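For reference, start_2.cif (mmCIF, N, CA and C atoms):
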```cif
data_entry
loop_
_atom_site.label_atom_id
_atom_site.label_comp_id
_atom_site.auth_asym_id
_atom_site.auth_seq_id
_atom_site.Cartn_x
_atom_site.Cartn_y
_atom_site.Cartn_z
N MET A 41 -26.20 47.07 32.84
CA MET A 41 -26.92 46.46 31.75
C MET A 41 -28.41 46.54 32.04
N ASN A 42 -29.19 47.01 31.09
CA ASN A 42 -30.63 47.17 31.26
C ASN A 42 -31.35 45.95 30.68
N MET A 43 -31.51 44.91 31.48
CA MET A 43 -32.14 43.69 31.00
C MET A 43 -33.64 43.87 30.80
N GLY A 44 -34.24 44.89 31.39
CA GLY A 44 -35.66 45.12 31.21
C GLY A 44 -36.02 45.62 29.82
N ALA A 45 -35.03 46.02 29.03
CA ALA A 45 -35.29 46.58 27.71
C ALA A 45 -35.56 45.51 26.66
N THR A 46 -35.36 44.26 27.01
CA THR A 46 -35.56 43.19 26.05
C THR A 46 -36.49 42.13 26.61
N ASN A 47 -36.93 41.25 25.76
CA ASN A 47 -37.74 40.13 26.19
C ASN A 47 -36.80 39.01 26.62
N PRO A 48 -36.63 38.76 27.93
CA PRO A 48 -35.65 37.77 28.36
C PRO A 48 -35.97 36.36 27.88
N ILE A 49 -37.21 36.03 27.62
CA ILE A 49 -37.55 34.69 27.16
C ILE A 49 -36.94 34.43 25.79
N SER A 50 -36.92 35.43 24.91
CA SER A 50 -36.37 35.22 23.57
C SER A 50 -34.85 35.06 23.61
N MET A 51 -34.21 35.45 24.71
CA MET A 51 -32.76 35.34 24.82
C MET A 51 -32.32 34.00 25.39
N ILE A 52 -33.25 33.18 25.88
CA ILE A 52 -32.89 31.90 26.46
C ILE A 52 -32.32 31.00 25.36
N PRO A 53 -31.12 30.49 25.56
CA PRO A 53 -30.54 29.63 24.52
C PRO A 53 -31.27 28.29 24.43
N ALA A 54 -31.18 27.68 23.27
CA ALA A 54 -31.82 26.39 23.04
C ALA A 54 -31.12 25.30 23.86
N ALA A 55 -29.82 25.41 24.03
CA ALA A 55 -29.04 24.40 24.75
C ALA A 55 -27.61 24.88 24.89
N ILE A 56 -26.85 24.17 25.71
CA ILE A 56 -25.41 24.40 25.72
C ILE A 56 -24.87 23.67 24.50
N ASP A 57 -24.23 24.41 23.61
CA ASP A 57 -23.64 23.80 22.42
C ASP A 57 -22.33 23.12 22.79
N HIS A 58 -21.48 23.85 23.52
CA HIS A 58 -20.18 23.29 23.88
C HIS A 58 -19.55 24.02 25.04
N VAL A 59 -18.61 23.35 25.68
CA VAL A 59 -17.72 23.95 26.66
C VAL A 59 -16.33 23.80 26.06
N ALA A 60 -15.61 24.92 25.93
CA ALA A 60 -14.33 24.93 25.22
C ALA A 60 -13.15 25.02 26.17
N PHE A 61 -12.12 24.25 25.85
CA PHE A 61 -10.89 24.23 26.64
C PHE A 61 -9.71 24.52 25.73
N ALA A 62 -8.86 25.44 26.15
CA ALA A 62 -7.61 25.72 25.45
C ALA A 62 -6.61 24.65 25.84
N VAL A 63 -5.94 24.08 24.84
CA VAL A 63 -4.96 23.03 25.08
C VAL A 63 -3.68 23.33 24.32
N GLU A 64 -2.57 22.83 24.83
CA GLU A 64 -1.29 23.04 24.14
C GLU A 64 -1.10 22.04 23.01
N SER A 65 -1.62 20.82 23.19
CA SER A 65 -1.50 19.78 22.17
C SER A 65 -2.86 19.14 21.95
N LEU A 66 -3.44 19.34 20.79
CA LEU A 66 -4.75 18.77 20.49
C LEU A 66 -4.70 17.25 20.52
N ASP A 67 -3.69 16.66 19.91
CA ASP A 67 -3.60 15.20 19.89
C ASP A 67 -3.47 14.61 21.29
N ALA A 68 -2.67 15.24 22.15
CA ALA A 68 -2.51 14.75 23.52
C ALA A 68 -3.82 14.88 24.30
N ALA A 69 -4.52 15.99 24.11
CA ALA A 69 -5.80 16.19 24.81
C ALA A 69 -6.84 15.18 24.34
N ILE A 70 -6.89 14.94 23.04
CA ILE A 70 -7.83 13.95 22.50
C ILE A 70 -7.54 12.58 23.11
N ALA A 71 -6.27 12.21 23.16
CA ALA A 71 -5.88 10.92 23.73
C ALA A 71 -6.29 10.83 25.20
N GLN A 72 -6.12 11.91 25.95
CA GLN A 72 -6.49 11.92 27.37
C GLN A 72 -7.99 11.75 27.55
N TYR A 73 -8.80 12.47 26.76
CA TYR A 73 -10.25 12.33 26.84
C TYR A 73 -10.70 10.92 26.46
N ARG A 74 -10.04 10.34 25.46
CA ARG A 74 -10.38 8.98 25.04
C ARG A 74 -10.04 7.99 26.15
N LEU A 75 -8.85 8.12 26.73
CA LEU A 75 -8.39 7.20 27.78
C LEU A 75 -9.21 7.32 29.06
N LEU A 76 -9.41 8.54 29.53
CA LEU A 76 -10.04 8.73 30.83
C LEU A 76 -11.56 8.77 30.80
N LEU A 77 -12.14 9.27 29.71
CA LEU A 77 -13.60 9.43 29.66
C LEU A 77 -14.26 8.63 28.53
N ASN A 78 -13.46 7.95 27.72
CA ASN A 78 -13.96 7.17 26.59
C ASN A 78 -14.79 8.04 25.63
N ILE A 79 -14.34 9.28 25.44
CA ILE A 79 -15.00 10.20 24.52
C ILE A 79 -14.12 10.32 23.27
N THR A 80 -14.73 10.22 22.11
CA THR A 80 -13.97 10.30 20.87
C THR A 80 -14.38 11.53 20.06
N VAL A 81 -13.59 11.84 19.07
CA VAL A 81 -13.79 13.02 18.23
C VAL A 81 -14.98 12.82 17.31
N ALA A 82 -15.91 13.77 17.34
CA ALA A 82 -17.05 13.78 16.42
C ALA A 82 -16.77 14.66 15.22
N HIS A 83 -15.91 15.67 15.40
CA HIS A 83 -15.59 16.62 14.33
C HIS A 83 -14.24 17.25 14.63
N ARG A 84 -13.42 17.40 13.60
CA ARG A 84 -12.13 18.08 13.76
C ARG A 84 -11.97 19.04 12.59
N GLU A 85 -11.49 20.25 12.89
CA GLU A 85 -11.40 21.27 11.85
C GLU A 85 -10.32 22.29 12.20
N ARG A 86 -9.63 22.76 11.18
CA ARG A 86 -8.67 23.87 11.31
C ARG A 86 -9.40 25.12 10.84
N ILE A 87 -9.43 26.15 11.68
CA ILE A 87 -10.15 27.38 11.35
C ILE A 87 -9.12 28.52 11.34
N GLU A 88 -8.59 28.78 10.16
CA GLU A 88 -7.52 29.77 10.01
C GLU A 88 -7.93 31.14 10.53
N GLU A 89 -9.17 31.59 10.18
CA GLU A 89 -9.59 32.94 10.56
C GLU A 89 -9.72 33.12 12.07
N GLN A 90 -9.83 32.02 12.83
CA GLN A 90 -9.87 32.12 14.29
C GLN A 90 -8.54 31.71 14.92
N GLY A 91 -7.63 31.23 14.08
CA GLY A 91 -6.31 30.86 14.57
C GLY A 91 -6.28 29.62 15.44
N VAL A 92 -7.16 28.65 15.16
CA VAL A 92 -7.22 27.44 15.98
C VAL A 92 -7.39 26.19 15.12
N GLU A 93 -6.98 25.09 15.71
CA GLU A 93 -7.42 23.77 15.26
C GLU A 93 -8.26 23.25 16.41
N GLU A 94 -9.41 22.72 16.08
CA GLU A 94 -10.33 22.28 17.13
C GLU A 94 -10.73 20.84 16.93
N ALA A 95 -11.14 20.25 18.03
CA ALA A 95 -11.77 18.93 18.01
C ALA A 95 -13.04 19.05 18.84
N MET A 96 -14.13 18.55 18.29
CA MET A 96 -15.41 18.54 19.00
C MET A 96 -15.67 17.10 19.44
N LEU A 97 -15.86 16.90 20.72
CA LEU A 97 -16.10 15.59 21.29
C LEU A 97 -17.53 15.57 21.81
N ARG A 98 -18.36 14.69 21.27
CA ARG A 98 -19.78 14.64 21.61
C ARG A 98 -19.97 14.10 23.03
N VAL A 99 -20.74 14.84 23.82
CA VAL A 99 -21.13 14.42 25.16
C VAL A 99 -22.63 14.68 25.26
N GLY A 100 -23.44 13.65 25.14
CA GLY A 100 -24.89 13.82 25.14
C GLY A 100 -25.31 14.67 23.97
N GLU A 101 -26.06 15.74 24.24
CA GLU A 101 -26.54 16.65 23.20
C GLU A 101 -25.56 17.80 22.93
N SER A 102 -24.45 17.82 23.64
CA SER A 102 -23.50 18.92 23.55
C SER A 102 -22.11 18.40 23.20
N TYR A 103 -21.14 19.31 23.20
CA TYR A 103 -19.77 18.96 22.88
C TYR A 103 -18.81 19.48 23.94
N VAL A 104 -17.66 18.82 24.02
CA VAL A 104 -16.47 19.40 24.62
C VAL A 104 -15.64 19.83 23.43
N GLN A 105 -15.23 21.08 23.40
CA GLN A 105 -14.42 21.62 22.30
C GLN A 105 -13.00 21.81 22.81
N LEU A 106 -12.06 21.19 22.14
CA LEU A 106 -10.65 21.36 22.47
C LEU A 106 -10.03 22.28 21.43
N LEU A 107 -9.36 23.32 21.89
CA LEU A 107 -8.80 24.34 21.00
C LEU A 107 -7.29 24.42 21.14
N GLN A 108 -6.59 24.16 20.05
CA GLN A 108 -5.14 24.33 20.00
C GLN A 108 -4.85 25.54 19.13
N PRO A 109 -4.11 26.52 19.64
CA PRO A 109 -3.82 27.70 18.82
C PRO A 109 -2.88 27.36 17.66
N LEU A 110 -3.03 28.10 16.58
CA LEU A 110 -2.14 27.94 15.43
C LEU A 110 -0.85 28.74 15.62
N GLY A 111 -0.81 29.57 16.66
CA GLY A 111 0.38 30.34 16.96
C GLY A 111 0.19 31.13 18.24
N PRO A 112 1.27 31.67 18.80
CA PRO A 112 1.18 32.40 20.06
C PRO A 112 0.48 33.75 19.94
N GLU A 113 0.38 34.30 18.72
CA GLU A 113 -0.24 35.61 18.53
C GLU A 113 -1.75 35.53 18.36
N THR A 114 -2.31 34.34 18.29
CA THR A 114 -3.76 34.17 18.14
C THR A 114 -4.45 34.37 19.49
N PRO A 115 -5.77 34.63 19.49
CA PRO A 115 -6.46 34.79 20.78
C PRO A 115 -6.27 33.61 21.73
N VAL A 116 -6.38 32.38 21.23
CA VAL A 116 -6.20 31.22 22.11
C VAL A 116 -4.72 31.07 22.49
N GLY A 117 -3.82 31.41 21.58
CA GLY A 117 -2.40 31.39 21.91
C GLY A 117 -2.07 32.36 23.03
N LYS A 118 -2.60 33.57 22.96
CA LYS A 118 -2.40 34.57 24.02
C LYS A 118 -3.02 34.10 25.33
N PHE A 119 -4.19 33.47 25.25
CA PHE A 119 -4.85 32.92 26.43
C PHE A 119 -3.94 31.90 27.12
N LEU A 120 -3.38 30.97 26.34
CA LEU A 120 -2.50 29.94 26.91
C LEU A 120 -1.27 30.55 27.56
N ILE A 121 -0.68 31.56 26.93
CA ILE A 121 0.50 32.21 27.49
C ILE A 121 0.15 32.87 28.82
N LYS A 122 -0.99 33.54 28.87
CA LYS A 122 -1.39 34.29 30.07
C LYS A 122 -1.94 33.39 31.17
N ARG A 123 -2.77 32.40 30.81
CA ARG A 123 -3.50 31.63 31.82
C ARG A 123 -3.17 30.15 31.86
N GLY A 124 -2.55 29.63 30.80
CA GLY A 124 -2.28 28.20 30.73
C GLY A 124 -3.49 27.44 30.24
N PRO A 125 -3.36 26.14 30.08
CA PRO A 125 -4.47 25.32 29.58
C PRO A 125 -5.66 25.36 30.54
N GLY A 126 -6.84 25.24 29.97
CA GLY A 126 -8.03 25.18 30.81
C GLY A 126 -9.25 25.75 30.14
N LEU A 127 -10.28 25.97 30.94
CA LEU A 127 -11.56 26.47 30.44
C LEU A 127 -11.38 27.79 29.70
N HIS A 128 -11.86 27.84 28.48
CA HIS A 128 -11.74 29.04 27.65
C HIS A 128 -13.06 29.77 27.52
N HIS A 129 -14.14 29.05 27.15
CA HIS A 129 -15.45 29.70 27.00
C HIS A 129 -16.56 28.66 27.00
N ILE A 130 -17.79 29.15 27.06
CA ILE A 130 -18.97 28.29 26.93
C ILE A 130 -19.77 28.78 25.74
N GLY A 131 -20.26 27.84 24.95
CA GLY A 131 -21.05 28.18 23.76
C GLY A 131 -22.51 27.79 23.97
N TYR A 132 -23.40 28.72 23.71
CA TYR A 132 -24.84 28.48 23.81
C TYR A 132 -25.44 28.44 22.42
N ARG A 133 -26.26 27.44 22.16
CA ARG A 133 -26.96 27.32 20.88
C ARG A 133 -28.15 28.26 20.90
N VAL A 134 -28.28 29.08 19.87
CA VAL A 134 -29.41 29.99 19.72
C VAL A 134 -30.03 29.79 18.34
N ALA A 135 -31.29 30.15 18.21
CA ALA A 135 -31.99 29.97 16.93
C ALA A 135 -31.49 30.93 15.85
N ASP A 136 -31.14 32.16 16.25
CA ASP A 136 -30.74 33.18 15.30
C ASP A 136 -29.67 34.05 15.95
N VAL A 137 -28.42 33.86 15.56
CA VAL A 137 -27.32 34.57 16.20
C VAL A 137 -27.40 36.08 15.97
N ALA A 138 -27.85 36.52 14.79
CA ALA A 138 -27.96 37.96 14.53
C ALA A 138 -28.99 38.59 15.47
N ALA A 139 -30.11 37.92 15.66
CA ALA A 139 -31.14 38.42 16.59
C ALA A 139 -30.61 38.42 18.02
N ALA A 140 -29.85 37.40 18.38
CA ALA A 140 -29.28 37.34 19.73
C ALA A 140 -28.30 38.48 19.96
N ILE A 141 -27.47 38.78 18.95
CA ILE A 141 -26.55 39.92 19.05
C ILE A 141 -27.34 41.20 19.30
N ALA A 142 -28.39 41.41 18.52
CA ALA A 142 -29.21 42.62 18.67
C ALA A 142 -29.82 42.70 20.07
N GLN A 143 -30.28 41.58 20.59
CA GLN A 143 -30.86 41.58 21.93
C GLN A 143 -29.82 41.87 23.00
N PHE A 144 -28.64 41.27 22.87
CA PHE A 144 -27.59 41.54 23.84
C PHE A 144 -27.20 43.02 23.81
N LYS A 145 -27.03 43.57 22.59
CA LYS A 145 -26.67 44.98 22.47
C LYS A 145 -27.76 45.89 23.02
N ALA A 146 -29.03 45.55 22.75
CA ALA A 146 -30.15 46.36 23.26
C ALA A 146 -30.18 46.33 24.78
N ALA A 147 -29.71 45.23 25.36
CA ALA A 147 -29.67 45.11 26.82
C ALA A 147 -28.44 45.78 27.41
N GLY A 148 -27.58 46.34 26.56
CA GLY A 148 -26.39 47.04 27.03
C GLY A 148 -25.17 46.16 27.19
N ALA A 149 -25.23 44.93 26.68
CA ALA A 149 -24.10 44.02 26.81
C ALA A 149 -23.02 44.36 25.78
N ARG A 150 -21.79 44.31 26.21
CA ARG A 150 -20.65 44.54 25.32
C ARG A 150 -20.40 43.28 24.50
N MET A 151 -20.27 43.45 23.19
CA MET A 151 -20.04 42.33 22.28
C MET A 151 -18.62 42.37 21.73
N ILE A 152 -18.02 41.23 21.53
CA ILE A 152 -16.76 41.15 20.80
C ILE A 152 -17.07 41.19 19.31
N ASP A 153 -18.11 40.45 18.92
CA ASP A 153 -18.54 40.40 17.52
C ASP A 153 -19.84 41.18 17.37
N GLU A 154 -19.82 42.21 16.56
CA GLU A 154 -21.02 43.01 16.28
C GLU A 154 -21.90 42.37 15.22
N HIS A 155 -21.31 41.43 14.46
CA HIS A 155 -22.03 40.74 13.38
C HIS A 155 -21.66 39.26 13.44
N PRO A 156 -22.56 38.38 12.99
CA PRO A 156 -22.22 36.95 12.98
C PRO A 156 -21.03 36.68 12.06
N ARG A 157 -20.28 35.66 12.42
CA ARG A 157 -19.19 35.20 11.56
C ARG A 157 -19.23 33.68 11.50
N ARG A 158 -18.45 33.13 10.59
CA ARG A 158 -18.43 31.69 10.39
C ARG A 158 -17.72 30.99 11.54
N GLY A 159 -18.34 29.92 12.02
CA GLY A 159 -17.73 29.07 13.03
C GLY A 159 -17.50 27.69 12.47
N SER A 160 -17.02 26.80 13.30
CA SER A 160 -16.80 25.43 12.84
C SER A 160 -18.14 24.75 12.57
N ARG A 161 -18.11 23.65 11.88
CA ARG A 161 -19.31 22.89 11.53
C ARG A 161 -20.27 23.74 10.70
N ASN A 162 -19.74 24.77 10.03
CA ASN A 162 -20.53 25.67 9.19
C ASN A 162 -21.60 26.43 9.99
N THR A 163 -21.32 26.68 11.26
CA THR A 163 -22.24 27.44 12.10
C THR A 163 -22.01 28.93 11.92
N LYS A 164 -22.92 29.73 12.46
CA LYS A 164 -22.73 31.17 12.58
C LYS A 164 -22.51 31.43 14.07
N ILE A 165 -21.53 32.27 14.39
CA ILE A 165 -21.19 32.51 15.78
C ILE A 165 -20.99 33.99 16.07
N ALA A 166 -21.00 34.31 17.35
CA ALA A 166 -20.61 35.64 17.83
C ALA A 166 -20.20 35.48 19.29
N PHE A 167 -19.20 36.25 19.70
CA PHE A 167 -18.74 36.20 21.08
C PHE A 167 -19.25 37.41 21.86
N VAL A 168 -19.69 37.14 23.08
CA VAL A 168 -20.10 38.17 24.02
C VAL A 168 -18.90 38.45 24.92
N HIS A 169 -18.59 39.71 25.15
CA HIS A 169 -17.44 40.07 25.97
C HIS A 169 -17.62 39.54 27.39
N PRO A 170 -16.55 39.03 28.01
CA PRO A 170 -16.66 38.53 29.38
C PRO A 170 -17.22 39.54 30.38
N SER A 171 -17.01 40.83 30.14
CA SER A 171 -17.52 41.84 31.08
C SER A 171 -19.04 41.84 31.17
N ALA A 172 -19.70 41.33 30.13
CA ALA A 172 -21.16 41.28 30.12
C ALA A 172 -21.69 40.02 30.80
N MET A 173 -20.81 39.04 31.03
CA MET A 173 -21.25 37.76 31.53
C MET A 173 -20.47 37.31 32.77
N GLY A 174 -20.21 38.26 33.66
CA GLY A 174 -19.57 37.92 34.92
C GLY A 174 -18.17 37.35 34.79
N GLY A 175 -17.44 37.79 33.76
CA GLY A 175 -16.07 37.34 33.58
C GLY A 175 -15.93 36.10 32.72
N VAL A 176 -17.03 35.58 32.18
CA VAL A 176 -17.00 34.37 31.36
C VAL A 176 -17.16 34.75 29.89
N LEU A 177 -16.26 34.26 29.05
CA LEU A 177 -16.38 34.45 27.61
C LEU A 177 -17.50 33.53 27.12
N VAL A 178 -18.48 34.11 26.42
CA VAL A 178 -19.64 33.36 25.93
C VAL A 178 -19.68 33.44 24.41
N GLU A 179 -19.93 32.30 23.80
CA GLU A 179 -20.11 32.23 22.36
C GLU A 179 -21.56 31.88 22.06
N LEU A 180 -22.15 32.60 21.13
CA LEU A 180 -23.50 32.29 20.65
C LEU A 180 -23.34 31.50 19.36
N VAL A 181 -24.05 30.38 19.24
CA VAL A 181 -23.86 29.46 18.12
C VAL A 181 -25.20 29.18 17.45
N GLU A 182 -25.28 29.46 16.16
CA GLU A 182 -26.45 29.12 15.35
C GLU A 182 -26.09 27.96 14.45
N GLU A 183 -26.83 26.88 14.57
CA GLU A 183 -26.60 25.70 13.73
C GLU A 183 -26.72 26.08 12.26
N ALA A 184 -26.01 25.38 11.41
CA ALA A 184 -26.13 25.58 9.97
C ALA A 184 -27.55 25.23 9.53
N ARG A 185 -28.10 26.00 8.63
CA ARG A 185 -29.45 25.73 8.11
C ARG A 185 -29.48 24.34 7.52
N GLY A 186 -30.54 23.60 7.89
CA GLY A 186 -30.70 22.25 7.38
C GLY A 186 -29.87 21.22 8.12
N ALA A 187 -29.03 21.68 9.08
CA ALA A 187 -28.23 20.74 9.84
C ALA A 187 -29.08 20.08 10.90
N PRO A 188 -28.86 18.83 11.15
CA PRO A 188 -29.63 18.16 12.21
C PRO A 188 -29.21 18.72 13.57
N ALA A 189 -30.10 18.67 14.54
CA ALA A 189 -29.80 19.14 15.88
C ALA A 189 -28.70 18.31 16.52
N LYS A 190 -28.58 17.06 16.12
CA LYS A 190 -27.55 16.18 16.66
C LYS A 190 -26.51 15.93 15.58
N HIS A 191 -25.24 15.87 15.98
CA HIS A 191 -24.15 15.65 15.01
C HIS A 191 -23.54 14.30 15.26
#
```

Can you dump the structure from the file as structure tokens?
Amino acid sequence: MNMGATNPISMIPAAIDHVAFAVESLDAAIAQYRLLLNITVAHRERIEEQGVEEAMLRVGESYVQLLQPLGPETPVGKFLIKRGPGLHHIGYRVADVAAAIAQFKAAGARMIDEHPRRGSRNTKIAFVHPSAMGGVLVELVEEARGAPAKH
């Protein structure tokens, strides 16, 4: 990857948006987080096009995202079958996801998403292939226009 081809300062994310965990039962995971960490759901959504039901649990300025697959053939379903429950990806908040995609591609990074797509909370998202990020699946997240920085 040729990181010298881009301006690295413009690629710095605004913040960690979320850390995502694949779970077998969303309700059981929510109950565990509530019991052990006193964290409650800030947002819950079913996202058919991604094959998940998610719960976003607010932790400071960021979220813990719990992902339950809608079926075994979905990306998160396949992840659970192969690896079991646990850390799935990290999401970084960026000002402009399309610009971030262009910068990653210009730097030679392999992208899963070549164009932004809809994410939960009406965000725009794109995934960076784990091969570009040391084996970690990374999601770029652009807040919805007019949305407050805090949810």

> Using only N, CA and C atoms, which residue out of A:Ile141, A:Ala60, A:Leu77, A:Arg84 lies closest to Leu107 in chain A?
Replying inline: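 Using only N, CA and C atoms, the shortest distance to Leu107 in chain A belongs to A:Ala60.
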
> Hey, what's within 6.5 Å of Leu97 in chain A if we count only N, CA and C atoms and toss same-chain stuff fewer than 4 positions away? As an MDAnalysis selection string, please?
Replying inline: chainID A and resid 79:83 102:106

>> Just list as JSON, numbers by chain whatever in range 59-180 of chain A DSSP marks as strand (DSSP E).
In response: {"A": [59, 60, 61, 62, 81, 82, 83, 84, 85, 86, 87, 92, 93, 94, 95, 96, 97, 98, 99, 102, 103, 104, 105, 106, 107, 108, 109, 126, 127, 128, 129, 130, 131, 132, 133, 157, 158, 164, 165, 166, 167, 168, 178, 179, 180]}

> If you apply the PyMOL selection byres ((chain A and resi 163) around 6.5) to this file, what residues do you get, as a PyMOL selection string?
Replying inline: chain A and resi 157-162+164-165+181-184

> Looking at A:Ser65, A:Ala147, A:Arg123, A:Asn78, which one is nearest to Gly111 in chain A, with distances taken over only C-alpha atoms?
Replying inline: A:Ser65

Apply the PyMOL selection byres (((chain A and resi 116 and name CA) around 9) and name CA) to the structure shown and report the selected residues as a short mmCIF file (atom, residue, chain, number, x, y, z; two decimals) with N, CA and C atoms, keeping the file's coordinate frame.
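Listing of selection.cif after writing:
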```cif
data_model
loop_
_atom_site.label_atom_id
_atom_site.label_comp_id
_atom_site.auth_asym_id
_atom_site.auth_seq_id
_atom_site.Cartn_x
_atom_site.Cartn_y
_atom_site.Cartn_z
N ALA A 62 -8.86 25.44 26.15
CA ALA A 62 -7.61 25.72 25.45
C ALA A 62 -6.61 24.65 25.84
N VAL A 63 -5.94 24.08 24.84
CA VAL A 63 -4.96 23.03 25.08
C VAL A 63 -3.68 23.33 24.32
N GLN A 90 -9.83 32.02 12.83
CA GLN A 90 -9.87 32.12 14.29
C GLN A 90 -8.54 31.71 14.92
N GLY A 91 -7.63 31.23 14.08
CA GLY A 91 -6.31 30.86 14.57
C GLY A 91 -6.28 29.62 15.44
N VAL A 92 -7.16 28.65 15.16
CA VAL A 92 -7.22 27.44 15.98
C VAL A 92 -7.39 26.19 15.12
N LEU A 107 -9.36 23.32 21.89
CA LEU A 107 -8.80 24.34 21.00
C LEU A 107 -7.29 24.42 21.14
N GLN A 108 -6.59 24.16 20.05
CA GLN A 108 -5.14 24.33 20.00
C GLN A 108 -4.85 25.54 19.13
N PRO A 109 -4.11 26.52 19.64
CA PRO A 109 -3.82 27.70 18.82
C PRO A 109 -2.88 27.36 17.66
N LEU A 110 -3.03 28.10 16.58
CA LEU A 110 -2.14 27.94 15.43
C LEU A 110 -0.85 28.74 15.62
N GLY A 111 -0.81 29.57 16.66
CA GLY A 111 0.38 30.34 16.96
C GLY A 111 0.19 31.13 18.24
N PRO A 112 1.27 31.67 18.80
CA PRO A 112 1.18 32.40 20.06
C PRO A 112 0.48 33.75 19.94
N GLU A 113 0.38 34.30 18.72
CA GLU A 113 -0.24 35.61 18.53
C GLU A 113 -1.75 35.53 18.36
N THR A 114 -2.31 34.34 18.29
CA THR A 114 -3.76 34.17 18.14
C THR A 114 -4.45 34.37 19.49
N PRO A 115 -5.77 34.63 19.49
CA PRO A 115 -6.46 34.79 20.78
C PRO A 115 -6.27 33.61 21.73
N GLY A 117 -3.82 31.41 21.58
CA GLY A 117 -2.40 31.39 21.91
C GLY A 117 -2.07 32.36 23.03
N LYS A 118 -2.60 33.57 22.96
CA LYS A 118 -2.40 34.57 24.02
C LYS A 118 -3.02 34.10 25.33
N PHE A 119 -4.19 33.47 25.25
CA PHE A 119 -4.85 32.92 26.43
C PHE A 119 -3.94 31.90 27.12
N LEU A 120 -3.38 30.97 26.34
CA LEU A 120 -2.50 29.94 26.91
C LEU A 120 -1.27 30.55 27.56
N ILE A 121 -0.68 31.56 26.93
CA ILE A 121 0.50 32.21 27.49
C ILE A 121 0.15 32.87 28.82
N HIS A 128 -11.86 27.84 28.48
CA HIS A 128 -11.74 29.04 27.65
C HIS A 128 -13.06 29.77 27.52
#
```

>> Considering only C-alpha atoms, can you say which of A:Ala172, A:Ile87, A:Ala135, A:Val59 comes closest to Gly148 in chain A?
In response: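 When distances to Gly148 in chain A are compared using only C-alpha atoms, the smallest one comes from A:Ala172.
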
>> What parts of range 68-187 of chain A does DSSP call helix (DSSP H, G or I)? I'd like the answer as a VMD selection string.
In response: chain A and resid 68 to 77 88 to 90 115 to 123 137 to 146 160 to 162 170 to 172

> Using the chain letters and numbers from the file, which residues does the PyMOL selection byres (((chain A and resi 132 and name CA) around 12) and name CA) grab, as a PyMOL selection string?
Replying inline: chain A and resi 51-60+101-103+129-131+133-137+140+164-168+177-183

> Could you work out how far CA of His169 in chain A lies from atom N of Phe61 in chain A, giving the answer in Å with one decimal?
Replying inline: 16.7 Å

>> Please report the interatomic distance between CA of Ser171 in chain A and CA of Ala95 in chain A in Å with one decimal.
In response: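 Computing it gives 27.0 Å between the two atoms.
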